[in-house]
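Working notes for the structure below.
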Amino acid sequence: MLLFGIVFLSLGSVNNMLAERFHLDDNGIGTLTALLPFGILAGSLIFGPIVDRFGYRWMLIICALLVMAGWRAWPSPIARALSNFSSLIGFGGGVLNGATNALAADVSEGERGAKLSLLGVFFGLGALGMPSTLAALCKHFSLAGIVAGIGGFVLVPVIYFLVITFPPPKQKAQPASATSGLASSSIPSSCWRAWPGDPERHGSMSNDWITATSRKLRSPASTPAEWQTLLGLMAVTGAMVLARVVLSGLLKRIKSQAVLFASIGITAAAHCC
């Protein structure tokens, strides 16, 4: 889920770099902004049947490596493939998001709401880590080098996936006549895509435009440094992390419907302001 947080904020964190390096206008950035969530949606749709049949381990490993490949290729001079890389990163992130939520639901019987909200904290940490790392290091290293380094970090969770124990697949190979009872004996992982704790449902792709808009709102004479354009993105993500921490406790005491409507009200009030 931490990796998905990085995926979710990746384009918003580097769109200024991509725009300058590949001479992209707002239409070009808009295309990338559309393709990233499209990849996330595709990954969220296919993960369920696969993990139910084959388990979680190799699906998580393969998709983490897809994300790493996309990140390491983004700063490369292959401008035409930018859209493909965005879709690739989004697809891997979508599978990681759905599969980790399903896995947490599988092992959290009786406390799914609170546990999935706690899982969302790691999404927030990953999302906060992307712009904060770029802001801290951009004075000393190129953004392209930092992004490639973050891509290499993905090997750490891949090794972790190789050594930990996962629940067995829910659907083992058996005759077709025996599969009719599976629906009553277990809940398909794909059902957890719509669980309220899924951070994908609460995010906004406006994250991808915050840094670009911040730069444009300044006068040409006072063009902000890259770390300054990332401050708004860090503030939004930091608030998301804080909300996730609070939510994990609230859902144990307050009905989720009340929390949902209160959150919608706060969001609407903020947009009006």
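So you can find residues: chains in the structure tokens are A, B, ... in the order shown, residues in each start at 1, and ligands are numbered from 1 in order.
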Near stretch 251-267 of chain A, counting only C-alpha atoms, which residues have an atom at most 10 Å away, once you skip same-chain residues fewer than 2 positions from it, shown as a PyMOL selection string?
chain A and resi 111-115+117+196+243+246-249+269-272
Pick out the residues sitting within 9 Å of A:Ser87, and hand them over as a PyMOL selection string; count only C-alpha atoms, and ignore anything fewer than 5 positions along from it in its own chain.
chain A and resi 32+35-40+70+82+92
Expected file contents, prior selection, all heavy atoms, as a PDB file, in the first residue's frame:
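File selection.pdb, as written:
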ATOM      1  N   LEU A  32      -1.356  12.330 -19.721  1.00  0.00           N
ATOM      2  CA  LEU A  32      -0.725  11.478 -18.715  1.00  0.00           C
ATOM      3  C   LEU A  32      -1.591  11.372 -17.467  1.00  0.00           C
ATOM      4  O   LEU A  32      -1.703  10.310 -16.857  1.00  0.00           O
ATOM      5  CB  LEU A  32       0.650  12.049 -18.337  1.00  0.00           C
ATOM      6  CG  LEU A  32       1.690  12.138 -19.459  1.00  0.00           C
ATOM      7  CD1 LEU A  32       3.003  12.668 -18.914  1.00  0.00           C
ATOM      8  CD2 LEU A  32       1.899  10.774 -20.098  1.00  0.00           C
ATOM      9  N   LEU A  35      -4.255   8.825 -18.181  1.00  0.00           N
ATOM     10  CA  LEU A  35      -3.813   7.445 -18.374  1.00  0.00           C
ATOM     11  C   LEU A  35      -3.387   6.771 -17.072  1.00  0.00           C
ATOM     12  O   LEU A  35      -3.537   5.561 -16.927  1.00  0.00           O
ATOM     13  CB  LEU A  35      -2.667   7.407 -19.377  1.00  0.00           C
ATOM     14  CG  LEU A  35      -3.088   7.672 -20.827  1.00  0.00           C
ATOM     15  CD1 LEU A  35      -1.861   7.806 -21.715  1.00  0.00           C
ATOM     16  CD2 LEU A  35      -3.985   6.554 -21.337  1.00  0.00           C
ATOM     17  N   LEU A  36      -2.865   7.558 -16.124  1.00  0.00           N
ATOM     18  CA  LEU A  36      -2.453   6.955 -14.857  1.00  0.00           C
ATOM     19  C   LEU A  36      -3.646   6.338 -14.118  1.00  0.00           C
ATOM     20  O   LEU A  36      -3.601   5.157 -13.754  1.00  0.00           O
ATOM     21  CB  LEU A  36      -1.741   7.988 -13.984  1.00  0.00           C
ATOM     22  CG  LEU A  36      -1.160   7.448 -12.673  1.00  0.00           C
ATOM     23  CD1 LEU A  36       0.044   6.554 -12.946  1.00  0.00           C
ATOM     24  CD2 LEU A  36      -0.763   8.587 -11.742  1.00  0.00           C
ATOM     25  N   PRO A  37      -4.750   7.072 -13.888  1.00  0.00           N
ATOM     26  CA  PRO A  37      -5.898   6.431 -13.233  1.00  0.00           C
ATOM     27  C   PRO A  37      -6.563   5.363 -14.085  1.00  0.00           C
ATOM     28  O   PRO A  37      -7.171   4.435 -13.547  1.00  0.00           O
ATOM     29  CB  PRO A  37      -6.858   7.601 -12.955  1.00  0.00           C
ATOM     30  CG  PRO A  37      -6.464   8.662 -13.911  1.00  0.00           C
ATOM     31  CD  PRO A  37      -4.984   8.516 -14.093  1.00  0.00           C
ATOM     32  N   PHE A  38      -6.455   5.485 -15.414  1.00  0.00           N
ATOM     33  CA  PHE A  38      -6.987   4.421 -16.268  1.00  0.00           C
ATOM     34  C   PHE A  38      -6.257   3.110 -15.997  1.00  0.00           C
ATOM     35  O   PHE A  38      -6.865   2.038 -15.908  1.00  0.00           O
ATOM     36  CB  PHE A  38      -6.849   4.808 -17.738  1.00  0.00           C
ATOM     37  CG  PHE A  38      -7.355   3.755 -18.692  1.00  0.00           C
ATOM     38  CD1 PHE A  38      -8.710   3.647 -18.961  1.00  0.00           C
ATOM     39  CD2 PHE A  38      -6.475   2.875 -19.309  1.00  0.00           C
ATOM     40  CE1 PHE A  38      -9.183   2.661 -19.829  1.00  0.00           C
ATOM     41  CE2 PHE A  38      -6.933   1.894 -20.174  1.00  0.00           C
ATOM     42  CZ  PHE A  38      -8.300   1.796 -20.438  1.00  0.00           C
ATOM     43  N   GLY A  39      -4.935   3.190 -15.850  1.00  0.00           N
ATOM     44  CA  GLY A  39      -4.164   1.998 -15.501  1.00  0.00           C
ATOM     45  C   GLY A  39      -4.538   1.472 -14.125  1.00  0.00           C
ATOM     46  O   GLY A  39      -4.627   0.268 -13.910  1.00  0.00           O
ATOM     47  N   ILE A  40      -4.759   2.387 -13.165  1.00  0.00           N
ATOM     48  CA  ILE A  40      -5.171   1.984 -11.820  1.00  0.00           C
ATOM     49  C   ILE A  40      -6.500   1.237 -11.879  1.00  0.00           C
ATOM     50  O   ILE A  40      -6.688   0.194 -11.236  1.00  0.00           O
ATOM     51  CB  ILE A  40      -5.273   3.215 -10.895  1.00  0.00           C
ATOM     52  CG1 ILE A  40      -3.887   3.793 -10.637  1.00  0.00           C
ATOM     53  CG2 ILE A  40      -5.947   2.845  -9.575  1.00  0.00           C
ATOM     54  CD1 ILE A  40      -3.896   5.103  -9.853  1.00  0.00           C
ATOM     55  N   GLY A  70       8.373   1.131 -14.733  1.00  0.00           N
ATOM     56  CA  GLY A  70       7.801   2.386 -15.192  1.00  0.00           C
ATOM     57  C   GLY A  70       8.507   3.599 -14.619  1.00  0.00           C
ATOM     58  O   GLY A  70       8.803   4.556 -15.338  1.00  0.00           O
ATOM     59  N   LEU A  82       5.980   7.786 -22.961  1.00  0.00           N
ATOM     60  CA  LEU A  82       5.553   8.319 -21.669  1.00  0.00           C
ATOM     61  C   LEU A  82       4.167   7.828 -21.286  1.00  0.00           C
ATOM     62  O   LEU A  82       3.916   7.438 -20.148  1.00  0.00           O
ATOM     63  CB  LEU A  82       5.556   9.848 -21.697  1.00  0.00           C
ATOM     64  CG  LEU A  82       6.874  10.552 -21.357  1.00  0.00           C
ATOM     65  CD1 LEU A  82       6.699  12.047 -21.492  1.00  0.00           C
ATOM     66  CD2 LEU A  82       7.351  10.191 -19.973  1.00  0.00           C
ATOM     67  N   GLY A  92       0.135  -1.402 -12.354  1.00  0.00           N
ATOM     68  CA  GLY A  92       0.786  -2.065 -11.225  1.00  0.00           C
ATOM     69  C   GLY A  92       0.283  -1.541  -9.900  1.00  0.00           C
ATOM     70  O   GLY A  92       0.032  -2.305  -8.961  1.00  0.00           O
TER      71      GLY A  92
END
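Distances here use only C-alpha atoms; by that measure, the residue among A:Val51, A:Leu103, A:Leu11, A:Ala42 closest to A:Lys170 is A:Val51.
With distances restricted to only C-alpha atoms, A:Ala73 is the closest residue to A:Leu18 from A:Leu60, A:Val107, A:Ala235, A:Ala73.
With distances restricted to only C-alpha atoms, A:Leu143 is the closest residue to A:Glu20 from A:Thr100, A:Leu143, A:Leu66, A:Pro169.
With distances restricted to only C-alpha atoms, A:Ile150 is the closest residue to A:Gly129 from A:Val163, A:Ile150, A:Ile89, A:Met68.
If you measure from each of A:Leu116, A:Gly93, A:Leu65, A:Ala268 to A:Pro157 using only C-alpha atoms, the closest one turns out to be A:Leu65.
Closest approach to A:Ala104 from the set A:Gly126, A:Pro167, A:Met17, A:Ser10 is made by A:Pro167, with distances taken over only C-alpha atoms.
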Excluding A:Thr165 and its own-chain neighbours fewer than 2 positions away, which residues fall within 12 Å of it when counting only C-alpha atoms? Please give them as a list in words.
Gly55, Tyr56, Arg57, Leu103, Tyr160, Phe161, Leu162, Val163, Pro167 and Pro168 of chain A
Keeping only all heavy atoms, write those residues as a PDB file, in the first residue's frame.
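The result, stored in selection.pdb:
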ATOM      1  N   GLY A  55      -3.258 -17.036  -5.627  1.00  0.00           N
ATOM      2  CA  GLY A  55      -2.705 -16.470  -4.405  1.00  0.00           C
ATOM      3  C   GLY A  55      -2.118 -15.078  -4.640  1.00  0.00           C
ATOM      4  O   GLY A  55      -2.103 -14.558  -5.759  1.00  0.00           O
ATOM      5  N   TYR A  56      -1.630 -14.493  -3.561  1.00  0.00           N
ATOM      6  CA  TYR A  56      -1.189 -13.098  -3.588  1.00  0.00           C
ATOM      7  C   TYR A  56       0.271 -12.906  -3.976  1.00  0.00           C
ATOM      8  O   TYR A  56       0.637 -11.880  -4.577  1.00  0.00           O
ATOM      9  CB  TYR A  56      -1.380 -12.460  -2.199  1.00  0.00           C
ATOM     10  CG  TYR A  56      -2.813 -12.253  -1.804  1.00  0.00           C
ATOM     11  CD1 TYR A  56      -3.488 -13.197  -1.027  1.00  0.00           C
ATOM     12  CD2 TYR A  56      -3.506 -11.116  -2.187  1.00  0.00           C
ATOM     13  CE1 TYR A  56      -4.809 -13.004  -0.651  1.00  0.00           C
ATOM     14  CE2 TYR A  56      -4.829 -10.913  -1.816  1.00  0.00           C
ATOM     15  CZ  TYR A  56      -5.469 -11.867  -1.050  1.00  0.00           C
ATOM     16  OH  TYR A  56      -6.777 -11.677  -0.680  1.00  0.00           O
ATOM     17  N   ARG A  57       1.132 -13.837  -3.601  1.00  0.00           N
ATOM     18  CA  ARG A  57       2.564 -13.575  -3.647  1.00  0.00           C
ATOM     19  C   ARG A  57       3.054 -13.099  -5.011  1.00  0.00           C
ATOM     20  O   ARG A  57       3.631 -12.019  -5.150  1.00  0.00           O
ATOM     21  CB  ARG A  57       3.337 -14.835  -3.229  1.00  0.00           C
ATOM     22  CG  ARG A  57       4.846 -14.592  -3.114  1.00  0.00           C
ATOM     23  CD  ARG A  57       5.617 -15.893  -2.930  1.00  0.00           C
ATOM     24  NE  ARG A  57       5.095 -16.710  -1.855  1.00  0.00           N
ATOM     25  CZ  ARG A  57       5.421 -16.570  -0.568  1.00  0.00           C
ATOM     26  NH1 ARG A  57       6.265 -15.606  -0.222  1.00  0.00           N
ATOM     27  NH2 ARG A  57       4.906 -17.373   0.338  1.00  0.00           N
ATOM     28  N   LEU A 103      -6.193  -8.578   0.893  1.00  0.00           N
ATOM     29  CA  LEU A 103      -5.397  -9.377   1.824  1.00  0.00           C
ATOM     30  C   LEU A 103      -5.653  -8.948   3.267  1.00  0.00           C
ATOM     31  O   LEU A 103      -5.824  -9.778   4.157  1.00  0.00           O
ATOM     32  CB  LEU A 103      -3.917  -9.237   1.476  1.00  0.00           C
ATOM     33  CG  LEU A 103      -2.917  -9.981   2.360  1.00  0.00           C
ATOM     34  CD1 LEU A 103      -3.213 -11.468   2.383  1.00  0.00           C
ATOM     35  CD2 LEU A 103      -1.493  -9.718   1.875  1.00  0.00           C
ATOM     36  N   TYR A 160      10.623  -8.661   0.527  1.00  0.00           N
ATOM     37  CA  TYR A 160       9.699  -8.946   1.632  1.00  0.00           C
ATOM     38  C   TYR A 160       8.596  -9.897   1.186  1.00  0.00           C
ATOM     39  O   TYR A 160       8.242 -10.836   1.900  1.00  0.00           O
ATOM     40  CB  TYR A 160       9.120  -7.624   2.129  1.00  0.00           C
ATOM     41  CG  TYR A 160       8.161  -7.751   3.287  1.00  0.00           C
ATOM     42  CD1 TYR A 160       8.599  -8.211   4.532  1.00  0.00           C
ATOM     43  CD2 TYR A 160       6.826  -7.398   3.150  1.00  0.00           C
ATOM     44  CE1 TYR A 160       7.722  -8.314   5.601  1.00  0.00           C
ATOM     45  CE2 TYR A 160       5.942  -7.499   4.214  1.00  0.00           C
ATOM     46  CZ  TYR A 160       6.398  -7.956   5.442  1.00  0.00           C
ATOM     47  OH  TYR A 160       5.531  -8.068   6.489  1.00  0.00           O
ATOM     48  N   PHE A 161       8.053  -9.673  -0.014  1.00  0.00           N
ATOM     49  CA  PHE A 161       7.006 -10.564  -0.533  1.00  0.00           C
ATOM     50  C   PHE A 161       7.508 -11.995  -0.689  1.00  0.00           C
ATOM     51  O   PHE A 161       6.749 -12.955  -0.576  1.00  0.00           O
ATOM     52  CB  PHE A 161       6.501 -10.071  -1.892  1.00  0.00           C
ATOM     53  CG  PHE A 161       5.828  -8.729  -1.850  1.00  0.00           C
ATOM     54  CD1 PHE A 161       5.856  -7.897  -2.972  1.00  0.00           C
ATOM     55  CD2 PHE A 161       5.164  -8.287  -0.728  1.00  0.00           C
ATOM     56  CE1 PHE A 161       5.228  -6.662  -2.952  1.00  0.00           C
ATOM     57  CE2 PHE A 161       4.539  -7.053  -0.698  1.00  0.00           C
ATOM     58  CZ  PHE A 161       4.566  -6.247  -1.816  1.00  0.00           C
ATOM     59  N   LEU A 162       8.798 -12.146  -0.973  1.00  0.00           N
ATOM     60  CA  LEU A 162       9.357 -13.475  -1.199  1.00  0.00           C
ATOM     61  C   LEU A 162       9.501 -14.283   0.089  1.00  0.00           C
ATOM     62  O   LEU A 162       9.482 -15.519   0.050  1.00  0.00           O
ATOM     63  CB  LEU A 162      10.725 -13.360  -1.882  1.00  0.00           C
ATOM     64  CG  LEU A 162      10.717 -12.975  -3.368  1.00  0.00           C
ATOM     65  CD1 LEU A 162      12.131 -12.664  -3.831  1.00  0.00           C
ATOM     66  CD2 LEU A 162      10.113 -14.096  -4.205  1.00  0.00           C
ATOM     67  N   VAL A 163       9.640 -13.616   1.229  1.00  0.00           N
ATOM     68  CA  VAL A 163       9.968 -14.339   2.461  1.00  0.00           C
ATOM     69  C   VAL A 163       8.781 -14.503   3.411  1.00  0.00           C
ATOM     70  O   VAL A 163       8.808 -15.391   4.264  1.00  0.00           O
ATOM     71  CB  VAL A 163      11.139 -13.653   3.207  1.00  0.00           C
ATOM     72  CG1 VAL A 163      12.380 -13.621   2.329  1.00  0.00           C
ATOM     73  CG2 VAL A 163      10.768 -12.239   3.644  1.00  0.00           C
ATOM     74  N   PRO A 167      -1.810 -16.167   2.844  1.00  0.00           N
ATOM     75  CA  PRO A 167      -2.905 -17.142   2.888  1.00  0.00           C
ATOM     76  C   PRO A 167      -2.929 -17.953   1.598  1.00  0.00           C
ATOM     77  O   PRO A 167      -2.546 -17.458   0.535  1.00  0.00           O
ATOM     78  CB  PRO A 167      -4.161 -16.262   3.010  1.00  0.00           C
ATOM     79  CG  PRO A 167      -3.677 -14.950   3.521  1.00  0.00           C
ATOM     80  CD  PRO A 167      -2.299 -14.782   2.983  1.00  0.00           C
ATOM     81  N   PRO A 168      -3.375 -19.196   1.661  1.00  0.00           N
ATOM     82  CA  PRO A 168      -3.436 -20.025   0.445  1.00  0.00           C
ATOM     83  C   PRO A 168      -4.496 -19.498  -0.509  1.00  0.00           C
ATOM     84  O   PRO A 168      -5.414 -18.767  -0.095  1.00  0.00           O
ATOM     85  CB  PRO A 168      -3.810 -21.410   0.980  1.00  0.00           C
ATOM     86  CG  PRO A 168      -4.543 -21.133   2.251  1.00  0.00           C
ATOM     87  CD  PRO A 168      -3.885 -19.920   2.841  1.00  0.00           C
TER      88      PRO A 168
END
Just give me the gap between atom CA of A:Met59 and atom CA of A:Leu9 in Å, one decimal is fine.
22.2 Å
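With atom CA of A:Thr33 on one side and atom CA of A:Val156 on the other, the separation reads 27.4 Å.
You will find atom CA of A:Leu242 at 18.3 Å from atom CA of A:Leu3.
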